[in-house]
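Structure, as structure tokens:
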Amino acid sequence: MSSRTPSGPPGSAVATHGWLQALGVVLAGLVAMGAVAALGLWAAGAADLPDNAFPRVVTATVVTAVGGSLELSGDAGGFADTDAGLTVLPLSVTLTGALVIARGFLRPLRRRAVAGPAESAGWAGWACRIAVLWLLALLGLAFSARQTFEVSLGEGVLSDLGDLFGVTPTVGFTTNVPLTVLFGLLWLAGVLLLALLVPRGAPLPARLLRHVPSVRPTAYAMTALLLAYVVVGGVVGLVVAGTRGHPADTFAVLLLGLPNLAWPALTIGLGATWEGRVEGPFGLPMPHVLDEVLRTPDVSTLNLGTLAERDGRWWWLLVAAAVLLLAAGFVLASRSPAGTPAWVHALHMAVALALTVLMITLVGRISAHYGLSVLGIGDLAGGLEGEVFLRPRLRSAVGLALLWGLVTGFLGALLARWAARRADGDGARPRG
């Protein structure tokens with residue numbers, strides 16, 4: 001039996017990955033994100049935008065996917081006012097970039113538990129090269145993501161007023177460069193940190209090893225949970241695309257915002273409540289029942305009860321949450337050191353799930369509005385004003401996550417112990 005002892009001086013594996021390799025990691029992430037964004041926007045019909053705006057809209061989508069900030073603006077001359085705003089993360093694009101960059105960052109990994117001082121310094125230099133090139137890429141994206149569109153006044157009184165006063169309203173977007181750089185770098189730091197925490201083979205400095213037994217299993221379990229919800233949501237989306245028509249719209253949602261639907265579904269399955277409203281031409285793309293629940297004169301609540309009133313099949317969200325959380329608790333306990341008490345697994349699961357739900361409530365918010373008025377008269381042309389927003393009840397969602405984490409973490413630990421005993425018994429039983 002041969003041991004896998006790495007050859008060469010410490011840190012040599014990382015030293016061979018310099019600026020050119022770091023550039024490859026950054027470009028791979030950006031190309032993957034741009035491809036997913038372009039396909040999603042093309043399915044949504046954005047390829048028909050005027051003035052060859054499609055590439056800049058794709059760029060803006062990538063910017064928002066990494067936490068960048070877009071500023072919407074409008075201009076309708078001295079006789080009119082416009083107001084617009086948009087806050088949403090295209091999480092399918094975000095997830096694609098995170099997976100590709102994390103894989104590239106870990107590619108030169110030496111599979112060992114401990115990294116010596118020289119190797120740690122090499123990894124720090126490798127991360128810094130990626131960060132510097134990522135910063136330059138963010139600046140390029142931020143300065144190129146800007147566009148202006150003319151808005152048709154349609155027909156009716158508002159159109160007549162526009163013709164009378166020569167009003168040609170426009171709406172456009174630009175990038176807030178400082179905020180884009182700040183949040184984009186924070187996003188990259190989070191991706192690289194998770195890349196080191198989740199896999200078992202990522203080497204860490206010796207002084208950090210004492211935290212590994214509690215942090216790594218929970219980080220892996222929560223990452224697996226989130227990815228499982230994305231996979232399940234993707235399967236459901238493909239079934240919908242194949243059976244209910246409008247496949248282009250469905251694929252647009254899958255390519256741009258699948259986690260925007262799948263991850264809030266996790267919180268709703270836990271019993272959490274979201275509040276929102278849909279007004280005017282805006283709407284939630286999928287499923288249609290969300291639009292029905294939220295399209296009311298006042299702020300509506302979105303939870304298992306309000307969804308099940310329209311279709312009892314939504315109770316399956318509760319079943320899915322119970323099964324997948326129990327599986328996550330089992331994975332957490334299975335990857336933790338033997339002999340860890342079940343109540344410790346329950347605490348780790350509770351804290352991890354609460355932090356995961358907190359993340360979902362922060363990145364899953366949606367807010368969009370647009371309004372136009374001429375001489376104080378608005379929306380007479382129809383469809384020129386609208387609003388959609390969706391926000392969680394944060395405290396109750398996190399509280400429910402703590403409770404679910406305690407229960408499923410404890411049950412998962414018991415299940416892992418039972419599975420380990422069965423495996424030991426089968427291994428000790430003589431084979432005929």
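Chain labels run A, B, ... following the order of the structure tokens; each chain numbers its residues from 1, and ligands are numbered from 1 in the order shown.
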
* To do: Tell me, as a list in words, which residues lie within 10 Å of Leu27 in chain A, counting only C-alpha atoms; anything in the same chain fewer than 6 positions away does not count.
  =>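 So, after excluding close chain neighbours, the residues are Gln21, Met33, Val100, Ile101, Leu133, Trp134 and Ala137 of chain A.
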
Put those residues in a file: N, CA and C atoms, as a PDB file, in the first residue's frame.
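As written to disk, out_4.pdb reads:
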```pdb
ATOM      1  N   GLN A  21      -2.745  31.186 -15.084  1.00  0.00           N
ATOM      2  CA  GLN A  21      -3.742  30.232 -14.589  1.00  0.00           C
ATOM      3  C   GLN A  21      -4.860  30.942 -13.843  1.00  0.00           C
ATOM      4  N   MET A  33     -20.900  32.332 -16.616  1.00  0.00           N
ATOM      5  CA  MET A  33     -21.994  33.198 -16.180  1.00  0.00           C
ATOM      6  C   MET A  33     -22.618  33.923 -17.370  1.00  0.00           C
ATOM      7  N   VAL A 100     -18.030  27.278 -10.902  1.00  0.00           N
ATOM      8  CA  VAL A 100     -16.903  27.246 -11.841  1.00  0.00           C
ATOM      9  C   VAL A 100     -15.656  27.850 -11.200  1.00  0.00           C
ATOM     10  N   ILE A 101     -15.789  28.988 -10.528  1.00  0.00           N
ATOM     11  CA  ILE A 101     -14.630  29.630  -9.919  1.00  0.00           C
ATOM     12  C   ILE A 101     -14.093  28.796  -8.764  1.00  0.00           C
ATOM     13  N   LEU A 133      -7.291  39.968 -10.574  1.00  0.00           N
ATOM     14  CA  LEU A 133      -7.864  39.863 -11.912  1.00  0.00           C
ATOM     15  C   LEU A 133      -9.386  39.974 -11.878  1.00  0.00           C
ATOM     16  N   TRP A 134      -9.993  39.465 -10.824  1.00  0.00           N
ATOM     17  CA  TRP A 134     -11.446  39.605 -10.666  1.00  0.00           C
ATOM     18  C   TRP A 134     -11.817  41.072 -10.494  1.00  0.00           C
ATOM     19  N   ALA A 137     -11.772  42.648 -13.835  1.00  0.00           N
ATOM     20  CA  ALA A 137     -12.945  42.219 -14.599  1.00  0.00           C
ATOM     21  C   ALA A 137     -14.197  42.941 -14.133  1.00  0.00           C
TER      22      ALA A 137
END
```

* To do: May I ask which of the residues A:Val230, A:Leu415, A:Leu362, A:Leu91 is the closest one to Arg393 in chain A, counting only C-alpha atoms?
  =>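 So, comparing all the options, the nearest one is A:Leu362.
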
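Comparing A:Leu141, A:Ala127, A:Ala265, A:Leu23 by their smallest distance to Leu196 in chain A, the closest is A:Ala127 (using only C-alpha atoms).
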
* To do: Considering only C-alpha atoms, return as a ChimeraX atom specification whatever protein or nucleic-acid residues lie within 8 Å of Ala352 in chain A, sequence-local ones (same chain, fewer than 4 positions apart) excluded.
  => /A:218-219,222,348,356,405

* Skipping near chain neighbours, those fewer than 5 positions away, what residues fall within 12 Å of Ala338 in chain A using only C-alpha atoms, listed as a list in words? ->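 Once the adjacent positions are removed, what remains is Pro213, Leu332, Ala333, Val344, His345, Ala413, Ala416, Arg417, Ala420 and Arg421 of chain A.
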
* Please provide as a PyMOL selection string all residues within 9 Å of Ala53 in chain A, with the sequence filter that same-chain residues fewer than 5 positions apart are discarded (counting only C-alpha atoms). => chain A and resi 46-48+58+147-149

Those selected residues, please, written with N, CA, C and O atoms and delivered as a tab-separated table (two decimals), in the first residue's frame.
```tsv
chain	number	residue	atom	x	y	z
A	46	ALA	N	-35.11	38.85	-24.84
A	46	ALA	CA	-34.30	40.06	-24.77
A	46	ALA	C	-33.41	40.25	-25.99
A	46	ALA	O	-32.87	41.34	-26.18
A	47	ALA	N	-33.27	39.22	-26.82
A	47	ALA	CA	-32.45	39.38	-28.02
A	47	ALA	C	-33.05	40.38	-29.00
A	47	ALA	O	-32.35	40.88	-29.88
A	48	ASP	N	-34.34	40.69	-28.84
A	48	ASP	CA	-35.01	41.63	-29.74
A	48	ASP	C	-34.96	43.07	-29.25
A	48	ASP	O	-35.60	43.95	-29.83
A	58	VAL	N	-26.86	41.53	-21.01
A	58	VAL	CA	-26.20	40.34	-20.49
A	58	VAL	C	-25.13	40.73	-19.47
A	58	VAL	O	-25.01	40.14	-18.40
A	147	GLN	N	-27.13	51.30	-20.56
A	147	GLN	CA	-27.96	51.34	-21.76
A	147	GLN	C	-29.18	52.22	-21.48
A	147	GLN	O	-29.63	52.33	-20.34
A	148	THR	N	-29.73	52.82	-22.54
A	148	THR	CA	-30.93	53.63	-22.45
A	148	THR	C	-31.93	53.15	-23.50
A	148	THR	O	-31.55	52.88	-24.65
A	149	PHE	N	-33.21	53.06	-23.11
A	149	PHE	CA	-34.27	52.62	-24.01
A	149	PHE	C	-35.36	53.69	-24.07
A	149	PHE	O	-35.64	54.35	-23.06
```

* Asked: With distances taken over only C-alpha atoms, which of A:Asn52, A:Thr64, A:Thr340, A:Thr87 is nearest to Gly184 in chain A?
  -> A:Thr64

* **All strand (DSSP E or B) residues (DSSP, backbone) inside range 296-425 of chain A, as a list in words** =>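 The strand (DSSP E or B) residues within range 296-425 of chain A come out as Ser300, Thr301, Leu302, Ile366, Ser367, Ala368, His369, Tyr370, Gly371, Leu372, Ser373, Val374, Ile377, Gly378, Gly386, Glu387, Val388, Phe389, Leu390, Arg391 and Pro392 of chain A.
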
Please save N, CA, C and O atoms of the selected residues as a CSV table (one decimal), in the first residue's frame.
```
chain,number,residue,atom,x,y,z
A,300,SER,N,-50.0,40.9,0.4
A,300,SER,CA,-50.5,39.5,0.6
A,300,SER,C,-49.4,38.7,1.3
A,300,SER,O,-48.2,39.0,1.3
A,301,THR,N,-49.9,37.6,1.9
A,301,THR,CA,-48.9,36.6,2.5
A,301,THR,C,-48.8,35.4,1.7
A,301,THR,O,-49.8,34.9,1.1
A,302,LEU,N,-47.6,34.9,1.6
A,302,LEU,CA,-47.3,33.7,0.8
A,302,LEU,C,-46.7,32.7,1.8
A,302,LEU,O,-45.6,32.8,2.3
A,366,ILE,N,-37.2,40.3,-3.8
A,366,ILE,CA,-37.5,40.8,-5.2
A,366,ILE,C,-38.2,42.2,-5.0
A,366,ILE,O,-39.1,42.3,-4.2
A,367,SER,N,-37.7,43.1,-5.8
A,367,SER,CA,-38.4,44.4,-5.8
A,367,SER,C,-38.2,45.1,-7.2
A,367,SER,O,-37.1,45.2,-7.7
A,368,ALA,N,-39.3,45.5,-7.8
A,368,ALA,CA,-39.3,46.1,-9.1
A,368,ALA,C,-40.5,47.1,-9.2
A,368,ALA,O,-41.6,46.7,-8.8
A,369,HIS,N,-40.2,48.3,-9.7
A,369,HIS,CA,-41.3,49.2,-10.0
A,369,HIS,C,-40.9,50.1,-11.1
A,369,HIS,O,-39.8,50.4,-11.4
A,370,TYR,N,-42.0,50.6,-11.8
A,370,TYR,CA,-41.8,51.6,-12.8
A,370,TYR,C,-43.0,52.4,-12.9
A,370,TYR,O,-44.1,51.9,-12.8
A,371,GLY,N,-42.8,53.7,-13.1
A,371,GLY,CA,-44.0,54.6,-13.2
A,371,GLY,C,-43.6,55.8,-14.1
A,371,GLY,O,-42.5,56.3,-14.2
A,372,LEU,N,-44.6,56.3,-14.9
A,372,LEU,CA,-44.5,57.4,-15.8
A,372,LEU,C,-45.7,58.3,-15.7
A,372,LEU,O,-46.9,57.8,-15.7
A,373,SER,N,-45.5,59.6,-15.6
A,373,SER,CA,-46.7,60.5,-15.6
A,373,SER,C,-46.3,61.7,-16.4
A,373,SER,O,-45.2,62.2,-16.5
A,374,VAL,N,-47.3,62.2,-17.1
A,374,VAL,CA,-47.2,63.4,-17.9
A,374,VAL,C,-48.1,64.5,-17.3
A,374,VAL,O,-49.3,64.3,-17.2
A,377,ILE,N,-50.3,63.2,-14.8
A,377,ILE,CA,-51.3,62.1,-15.2
A,377,ILE,C,-50.5,60.9,-15.5
A,377,ILE,O,-49.7,60.9,-16.4
A,378,GLY,N,-50.8,59.8,-14.8
A,378,GLY,CA,-50.0,58.6,-15.0
A,378,GLY,C,-50.9,57.4,-15.3
A,378,GLY,O,-52.1,57.3,-15.0
A,386,GLY,N,-46.3,49.8,-12.7
A,386,GLY,CA,-46.4,48.5,-12.1
A,386,GLY,C,-45.4,48.4,-11.0
A,386,GLY,O,-44.4,49.1,-10.8
A,387,GLU,N,-45.6,47.3,-10.1
A,387,GLU,CA,-44.8,47.1,-9.0
A,387,GLU,C,-44.9,45.6,-8.6
A,387,GLU,O,-46.0,45.0,-8.7
A,388,VAL,N,-43.8,45.0,-8.3
A,388,VAL,CA,-43.8,43.7,-7.7
A,388,VAL,C,-42.7,43.6,-6.6
A,388,VAL,O,-41.6,44.2,-6.8
A,389,PHE,N,-43.1,43.1,-5.5
A,389,PHE,CA,-42.0,42.9,-4.4
A,389,PHE,C,-42.4,41.6,-3.7
A,389,PHE,O,-43.5,41.2,-3.6
A,390,LEU,N,-41.3,41.0,-3.1
A,390,LEU,CA,-41.5,39.8,-2.3
A,390,LEU,C,-40.4,39.9,-1.2
A,390,LEU,O,-39.2,40.0,-1.5
A,391,ARG,N,-40.8,39.8,0.0
A,391,ARG,CA,-39.9,39.9,1.1
A,391,ARG,C,-40.3,39.0,2.2
A,391,ARG,O,-41.5,38.7,2.4
A,392,PRO,N,-39.4,38.4,3.0
A,392,PRO,CA,-39.7,37.4,4.0
A,392,PRO,C,-40.0,38.1,5.4
A,392,PRO,O,-39.6,39.2,5.6
```

* Please, which residues of range 121-353 of chain A, numbered as in this document, come out helix (DSSP H, G or I) from DSSP, as a PyMOL selection string? -> chain A and resi 121-144+157-165+177-197+206-243+247-269+288-294+304-310+312-335+342-353

* To do: For Leu254 in chain A, list every protein, DNA or RNA residue within 8 Å, evaluated using only C-alpha atoms, and leave out those in the same chain fewer than 2 positions away; present the list as a list in words.
  => Gly40, Ser92, Gly234, Gly237, Thr250, Phe251, Ala252, Leu256, Gly257 and Leu258 of chain A

* To do: Determine, counting only C-alpha atoms, which protein, DNA and RNA residues have an atom within 12 Å of an atom of Leu95 in chain A; residues of the same chain fewer than 2 positions away are not included. Present the result as a PyMOL selection string.
  => chain A and resi 29-30+32-33+36-37+62+65-66+89-93+97-102+187-188+191+223+226-227+230+254-260+363

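Between Gly329 in chain A and the residues A:Leu136, A:Ala38, A:Ala224, A:Leu194, the shortest atom-to-atom distance, using only C-alpha atoms, involves A:Ala224.
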
* Have a look at CA of Val278 in chain A and CA of Leu294 in chain A and let me know their distance in Å, one decimal. => 5.5 Å
